[in-house]
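Chemist: Structure in structure tokens, see below.
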Amino acid sequence: MTIQKSYLFNKKSYINLIKSFIKLGYEIKDFDSVIPTRRHLILRHDIDMSINAARDLAFLEKENSMKSTYFVLMNSEFYNVFAPDSIKLLNEIKSYGHKIGLHFDASVYSQNTWKNNIKRELSSLKNIIGECTNIISFHRPTKGLFDLKKKIGGISHTYESRFVSDMGYISDSRGGWHYGHPLSHPSIIKGAAIQLLTHPIWWITKGKSSKEKLNNFLKEKYVFIDSELAKQCSIHVAEKFI
């Protein structure tokens, strides 16, 4: 049996990666049903930059009968989660059979207010899309938030010990496999579960390198903002891009 270990980040390689895990006996599970000692695979996506990219990846997964959990920032500088288009995209992701959760940026609050702000942001997210998963992920977590044996304010999170040390944890942070390819992870040899964190921006945006992908993302944002400015302000004429 041939297992692909490609380092390319695109739609095809993402699907091939997940299919390779399945060939190794892994079964896709969510955070509520995963068993650390079994060949279970959690597919997690943090939406750091683009809900559009998340929707495209969610559709790709649906076409391949895969289920994931997507975590959305409520205070992102890159997208407005309350905008009608964003709400539409998030509901599309849900309609594909995926779960939506809160991606919480703890750095913008003092620690003694985390509990109340997590509950407030969760409430806002539920108001937008209806029911969502109560487990949260942290945006760019500090060492103090990683591998905790307890919940935060009574709320489960993706960096609890049971999800990162009792099982394998793999991330495509900064658009690369900086600690080795997922298919070479020690948990595979042990037959243990794996939490696979990916960010849609790296797999959906065009470009051969993470830097090229970010540049293309910026160009797409410029075109979008330019078009919106033309709609909202009569003195602005949108540029023509080839």
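Each chain in the structure tokens gets a letter, A, B, ..., in the order shown, and its residues are numbered from 1; ligands are numbered from 1 in order too.
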So which residues of segment 14-225 of chain A fall under alpha helix (DSSP H) by DSSP, listed as a VMD selection string?

Modeler: chain A and resid 14 to 23 51 to 63 84 to 95 114 to 129 161 to 164 186 to 190 200 to 204 210 to 225

Chemist: For the residues selected in the previous step, produce a file with C-alpha atoms as an mmCIF file, in the first residue's frame.

Modeler:
data_model
loop_
_atom_site.group_PDB
_atom_site.id
_atom_site.type_symbol
_atom_site.label_atom_id
_atom_site.label_comp_id
_atom_site.auth_asym_id
_atom_site.auth_seq_id
_atom_site.Cartn_x
_atom_site.Cartn_y
_atom_site.Cartn_z
ATOM 1 C CA TYR A 14 -5.349 17.705 1.507
ATOM 2 C CA ILE A 15 -7.821 15.042 0.417
ATOM 3 C CA ASN A 16 -4.994 12.620 -0.358
ATOM 4 C CA LEU A 17 -3.551 13.222 3.122
ATOM 5 C CA ILE A 18 -6.836 12.370 4.858
ATOM 6 C CA LYS A 19 -7.355 9.355 2.609
ATOM 7 C CA SER A 20 -3.853 8.172 3.552
ATOM 8 C CA PHE A 21 -4.850 8.275 7.225
ATOM 9 C CA ILE A 22 -7.968 6.262 6.393
ATOM 10 C CA LYS A 23 -5.851 3.675 4.541
ATOM 11 C CA ILE A 51 -14.390 32.273 5.923
ATOM 12 C CA ASN A 52 -14.555 31.908 2.132
ATOM 13 C CA ALA A 53 -11.570 29.544 2.193
ATOM 14 C CA ALA A 54 -13.179 27.638 5.070
ATOM 15 C CA ARG A 55 -16.415 27.203 3.115
ATOM 16 C CA ASP A 56 -14.484 25.931 0.078
ATOM 17 C CA LEU A 57 -12.585 23.392 2.191
ATOM 18 C CA ALA A 58 -15.797 22.368 3.946
ATOM 19 C CA PHE A 59 -17.442 21.678 0.585
ATOM 20 C CA LEU A 60 -14.412 19.660 -0.541
ATOM 21 C CA GLU A 61 -14.676 17.553 2.610
ATOM 22 C CA LYS A 62 -18.402 17.040 2.104
ATOM 23 C CA GLU A 63 -17.738 15.773 -1.425
ATOM 24 C CA PRO A 84 -24.588 38.790 6.019
ATOM 25 C CA ASP A 85 -22.149 37.071 3.638
ATOM 26 C CA SER A 86 -20.147 35.639 6.562
ATOM 27 C CA ILE A 87 -23.280 34.301 8.244
ATOM 28 C CA LYS A 88 -24.354 32.729 4.957
ATOM 29 C CA LEU A 89 -20.951 31.027 4.547
ATOM 30 C CA LEU A 90 -20.938 29.700 8.116
ATOM 31 C CA ASN A 91 -24.415 28.258 7.672
ATOM 32 C CA GLU A 92 -23.258 26.639 4.439
ATOM 33 C CA ILE A 93 -20.432 24.961 6.359
ATOM 34 C CA LYS A 94 -22.990 23.668 8.874
ATOM 35 C CA SER A 95 -25.249 22.440 6.076
ATOM 36 C CA TRP A 114 -11.744 34.799 30.184
ATOM 37 C CA LYS A 115 -14.684 32.805 31.534
ATOM 38 C CA ASN A 116 -17.219 35.616 31.050
ATOM 39 C CA ASN A 117 -15.870 36.596 27.629
ATOM 40 C CA ILE A 118 -15.847 33.013 26.377
ATOM 41 C CA LYS A 119 -19.492 32.685 27.393
ATOM 42 C CA ARG A 120 -20.317 36.044 25.805
ATOM 43 C CA GLU A 121 -18.627 35.170 22.499
ATOM 44 C CA LEU A 122 -20.226 31.714 22.461
ATOM 45 C CA SER A 123 -23.614 33.341 22.975
ATOM 46 C CA SER A 124 -22.964 35.739 20.083
ATOM 47 C CA LEU A 125 -21.915 32.881 17.809
ATOM 48 C CA LYS A 126 -25.031 30.898 18.695
ATOM 49 C CA ASN A 127 -27.171 33.939 17.936
ATOM 50 C CA ILE A 128 -25.646 34.066 14.458
ATOM 51 C CA ILE A 129 -25.766 30.422 13.396
ATOM 52 C CA SER A 161 -4.199 17.106 27.793
ATOM 53 C CA ARG A 162 -6.617 14.485 26.486
ATOM 54 C CA PHE A 163 -6.451 16.126 23.033
ATOM 55 C CA VAL A 164 -2.736 16.986 22.772
ATOM 56 C CA PRO A 186 4.873 8.570 16.298
ATOM 57 C CA SER A 187 1.175 8.169 17.143
ATOM 58 C CA ILE A 188 0.665 6.247 13.911
ATOM 59 C CA ILE A 189 3.179 3.615 15.021
ATOM 60 C CA LYS A 190 1.469 3.371 18.428
ATOM 61 C CA PRO A 200 -8.092 26.607 5.272
ATOM 62 C CA ILE A 201 -6.059 29.547 3.963
ATOM 63 C CA TRP A 202 -3.050 27.290 3.257
ATOM 64 C CA TRP A 203 -5.002 24.647 1.344
ATOM 65 C CA ILE A 204 -7.442 26.763 -0.667
ATOM 66 C CA SER A 210 3.004 30.078 2.210
ATOM 67 C CA LYS A 211 4.406 33.526 1.357
ATOM 68 C CA GLU A 212 2.966 33.362 -2.158
ATOM 69 C CA LYS A 213 -0.388 32.253 -0.750
ATOM 70 C CA LEU A 214 -0.449 35.216 1.640
ATOM 71 C CA ASN A 215 0.381 37.618 -1.191
ATOM 72 C CA ASN A 216 -2.462 36.179 -3.270
ATOM 73 C CA PHE A 217 -4.786 36.420 -0.280
ATOM 74 C CA LEU A 218 -3.896 40.103 0.093
ATOM 75 C CA LYS A 219 -4.630 40.708 -3.593
ATOM 76 C CA GLU A 220 -8.036 39.045 -3.222
ATOM 77 C CA LYS A 221 -8.803 41.199 -0.172
ATOM 78 C CA TYR A 222 -7.787 44.336 -2.044
ATOM 79 C CA VAL A 223 -10.119 43.489 -4.941
ATOM 80 C CA PHE A 224 -12.954 42.827 -2.489
ATOM 81 C CA ILE A 225 -12.410 46.057 -0.516
#

Chemist: Report as a JSON list (two decimals) with N, CA and C atoms, in the first residue's frame all protein, DNA and RNA residues lying within 7 Å of Tyr169 of chain A, evaluated on only C-alpha atoms, omitting residues in the same chain fewer than 3 positions from it.

Modeler:
[["chain", "number", "residue", "atom", "x", "y", "z"],
["A", 164, "VAL", "N", -4.06, 16.64, 23.30],
["A", 164, "VAL", "CA", -2.74, 16.99, 22.77],
["A", 164, "VAL", "C", -1.59, 16.13, 23.31],
["A", 194, "ILE", "N", -5.23, 11.00, 16.70],
["A", 194, "ILE", "CA", -4.52, 12.21, 16.27],
["A", 194, "ILE", "C", -5.51, 13.35, 16.11],
["A", 195, "GLN", "N", -5.12, 14.52, 16.63],
["A", 195, "GLN", "CA", -5.84, 15.76, 16.34],
["A", 195, "GLN", "C", -5.05, 16.48, 15.25],
["A", 196, "LEU", "N", -5.66, 16.63, 14.09],
["A", 196, "LEU", "CA", -5.00, 17.28, 12.95],
["A", 196, "LEU", "C", -5.58, 18.68, 12.78]]

Chemist: Skipping near chain neighbours, those fewer than 3 positions away, what residues fall within 7 Å of Phe138 of chain A using only C-alpha atoms, listed as a list in words?

Modeler: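 What passes the distance filter is His103, Phe104, Asp105, Ala106 and Pro141 of chain A.
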
Chemist: Between atom CA of Thr198 of chain A and atom CA of Ile136 of chain A, what is the spacing in Å?

Modeler: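 Atom CA of Thr198 of chain A lies 15.2 Å from atom CA of Ile136 of chain A.
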
Chemist: For Cys132 of chain A, which of A:His45, A:His181, A:His98, A:Arg39 is the closest residue, counting only C-alpha atoms?

Modeler: A:His98

Chemist: Restricting the calculation to only C-alpha atoms: of A:Leu183, A:Met167, A:Ala230, A:Ile235, which residue gets closest to Val34 of chain A?

Modeler: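 Distance minimum relative to Val34 of chain A lands on A:Met167.
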
Chemist: Taking the chain letters and numbering used in this document, name the residues of segment 84-193 of chain A that DSSP puts in strand (DSSP E), as a ChimeraX atom specification.

Modeler: /A:99-104,136-138,168-171

Chemist: Rank nothing, just name the residue among A:Met66, A:Met74, A:Asp48, A:Lys149 nearest to Asp166 of chain A, using only C-alpha atoms.

Modeler: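 Ranking A:Met66, A:Met74, A:Asp48, A:Lys149 by distance to Asp166 of chain A, first place goes to A:Lys149.
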
Chemist: Interatomic distance between atom CA of Gly97 of chain A and atom CA of Phe9 of chain A?

Modeler: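 Result for atom CA of Gly97 of chain A versus atom CA of Phe9 of chain A: 23.7 Å, one decimal.
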
Chemist: Let me make sure I understand: among A:Ser68, A:Ser184, A:Ser171, A:Gln111, which one has the smallest atom-to-atom distance to Thr133 of chain A if we use only C-alpha atoms?

Modeler: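 The shortest atom-to-atom distance to Thr133 of chain A comes from A:Ser68.
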
Chemist: From the set A:Gly168, A:Ile47, A:Asp226, A:Arg140, which residue has the shortest atom-to-atom contact distance to Gly191 of chain A, counting only C-alpha atoms?

Modeler: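 Under the stated criterion, the closest residue is A:Gly168.
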
Chemist: Give the answer as one residue: which of A:Ile170, A:Leu102, A:Cys233, A:Ala193 has the shortest atom-to-atom distance to Tyr26 of chain A, using only C-alpha atoms?

Modeler: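 The shortest atom-to-atom distance to Tyr26 of chain A comes from A:Ala193.
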
Chemist: Find the distance between atom CA of Gly25 of chain A and atom CA of Leu8 of chain A and write it in Å to one decimal.

Modeler: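 Rounded to one decimal, the two atoms are 23.0 Å apart.
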